[in-house]
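Please read the structure below before turning to the comments.
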Amino acid sequence: MHNQIQLTSAGPIQALVRSEISTITQPYQRYLEGWQLRATYLGTQLADHPVNSDEHDLALRRLAELREEIAVNRDYLIAETSRLPPDDLVDATVDSLDELLAAVSRLGS
């Protein structure tokens, strides 16, 4: 009997962990929306202005800043949640950040 696994319902500890994960990841949904808007705007600026123009170069610099901002926040999210058990919400948020980083990198190339 001592080798059997017993399933229990989510207790107060799991509820606290879930609440903490939600508190940590919730702002990232807003951040992602804002970063997507900035990436779209910068992509438009790159498409609208000739290569080597001041406007094009400025858009490239802003795109590099955006890429760095997203990467730093991704690393922060991973650091903040590393002490917590694995969670689908964290994984989905990191995946969204990775997808956005890839899209921003493609814009700058």
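Chain lettering (A, B, ...) mirrors the order of the structure tokens, residue numbering begins at 1 for each chain separately, and ligand numbering begins at 1 in order of display.
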Give me the residues within 12 Å of A:Arg30 as a compact mmCIF listing (two decimals) with N, CA and C atoms, in the first residue's frame, counting only C-alpha atoms and dropping any in the same chain fewer than 6 places off.
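Contents of out-v1.txt, freshly written:
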```txt
# COMPACT_ATOMS: atom_id res chain seq x y z
N GLN A 36 3.84 43.69 -30.26
CA GLN A 36 3.38 43.34 -31.60
C GLN A 36 3.00 44.60 -32.39
N LEU A 37 2.36 45.54 -31.73
CA LEU A 37 2.02 46.80 -32.40
C LEU A 37 3.27 47.56 -32.81
N THR A 93 3.32 31.43 -22.57
CA THR A 93 3.80 32.81 -22.61
C THR A 93 5.22 32.87 -23.18
N LEU A 97 6.53 34.72 -26.60
CA LEU A 97 7.69 35.62 -26.64
C LEU A 97 8.70 35.15 -27.67
```
DSSP on the backbone, then: every residue of chain A marked alpha helix (DSSP H), written as a compact mmCIF listing (two decimals) with C-alpha atoms, in the first residue's frame.
```txt
# COMPACT_ATOMS: atom_id res chain seq x y z
CA PRO A 12 -4.29 25.46 -1.01
CA ILE A 13 -0.63 25.17 -2.01
CA GLN A 14 -1.48 24.47 -5.66
CA ALA A 15 -3.99 27.32 -5.64
CA LEU A 16 -1.35 29.70 -4.31
CA VAL A 17 1.14 28.56 -6.94
CA ARG A 18 -1.44 28.98 -9.71
CA SER A 19 -2.31 32.44 -8.40
CA GLU A 20 1.35 33.44 -8.34
CA ILE A 21 1.87 32.18 -11.89
CA SER A 22 -1.15 34.15 -13.07
CA THR A 23 0.10 37.27 -11.31
CA ILE A 24 3.52 36.92 -12.97
CA THR A 25 2.30 36.09 -16.49
CA GLN A 26 -0.74 38.37 -16.74
CA PRO A 27 1.19 41.57 -17.57
CA TYR A 28 2.99 39.76 -20.37
CA GLN A 29 -0.25 39.52 -22.35
CA ARG A 30 -0.42 43.32 -22.44
CA TYR A 31 3.31 43.58 -23.14
CA LEU A 32 2.99 41.15 -26.04
CA GLU A 33 0.18 43.21 -27.58
CA GLY A 34 2.23 46.39 -27.29
CA TRP A 35 5.36 44.78 -28.69
CA GLN A 36 3.38 43.34 -31.60
CA LEU A 37 2.02 46.80 -32.40
CA ARG A 38 5.50 48.31 -32.25
CA ALA A 39 6.88 45.55 -34.47
CA THR A 40 4.10 46.13 -37.01
CA TYR A 41 4.75 49.87 -37.02
CA LEU A 42 8.50 49.39 -37.41
CA GLY A 43 7.96 46.86 -40.20
CA THR A 44 5.84 49.44 -42.00
CA GLN A 45 8.55 52.05 -41.54
CA LEU A 46 11.14 49.69 -42.98
CA ALA A 47 8.92 48.95 -45.98
CA ASP A 48 8.02 52.61 -46.57
CA ASP A 54 17.62 58.14 -41.91
CA GLU A 55 14.09 56.83 -41.36
CA HIS A 56 15.04 53.28 -42.34
CA ASP A 57 18.12 53.34 -40.13
CA LEU A 58 16.08 54.69 -37.21
CA ALA A 59 13.51 51.92 -37.67
CA LEU A 60 16.32 49.34 -37.65
CA ARG A 61 17.73 50.79 -34.41
CA ARG A 62 14.29 50.80 -32.78
CA LEU A 63 13.75 47.22 -33.95
CA ALA A 64 17.03 46.17 -32.31
CA GLU A 65 15.92 47.92 -29.10
CA LEU A 66 12.56 46.12 -29.27
CA ARG A 67 14.27 42.76 -29.79
CA GLU A 68 16.49 43.42 -26.75
CA GLU A 69 13.50 44.50 -24.62
CA ILE A 70 11.58 41.34 -25.48
CA ALA A 71 14.61 39.11 -24.83
CA VAL A 72 15.29 40.71 -21.44
CA ASN A 73 11.67 40.32 -20.40
CA ARG A 74 11.64 36.70 -21.58
CA ASP A 75 14.71 35.98 -19.45
CA TYR A 76 13.10 37.74 -16.50
CA LEU A 77 9.93 35.67 -16.85
CA ILE A 78 11.95 32.46 -16.89
CA ALA A 79 13.96 33.56 -13.84
CA GLU A 80 10.82 34.56 -11.92
CA THR A 81 9.05 31.29 -12.62
CA ASP A 88 1.31 25.42 -19.22
CA LEU A 89 0.56 29.13 -18.86
CA VAL A 90 4.24 29.96 -18.39
CA ASP A 91 5.19 27.70 -21.30
CA ALA A 92 2.60 29.33 -23.57
CA THR A 93 3.80 32.81 -22.61
CA VAL A 94 7.44 31.90 -23.28
CA ASP A 95 6.41 30.37 -26.62
CA SER A 96 4.60 33.60 -27.55
CA LEU A 97 7.69 35.62 -26.64
CA ASP A 98 9.86 33.29 -28.73
CA GLU A 99 7.53 33.63 -31.71
CA LEU A 100 7.55 37.41 -31.42
CA LEU A 101 11.35 37.46 -31.12
CA ALA A 102 11.60 35.38 -34.30
CA ALA A 103 9.20 37.70 -36.14
CA VAL A 104 11.08 40.80 -35.01
CA SER A 105 14.38 39.22 -36.07
CA ARG A 106 12.96 38.47 -39.52
CA LEU A 107 11.86 42.10 -39.87
```
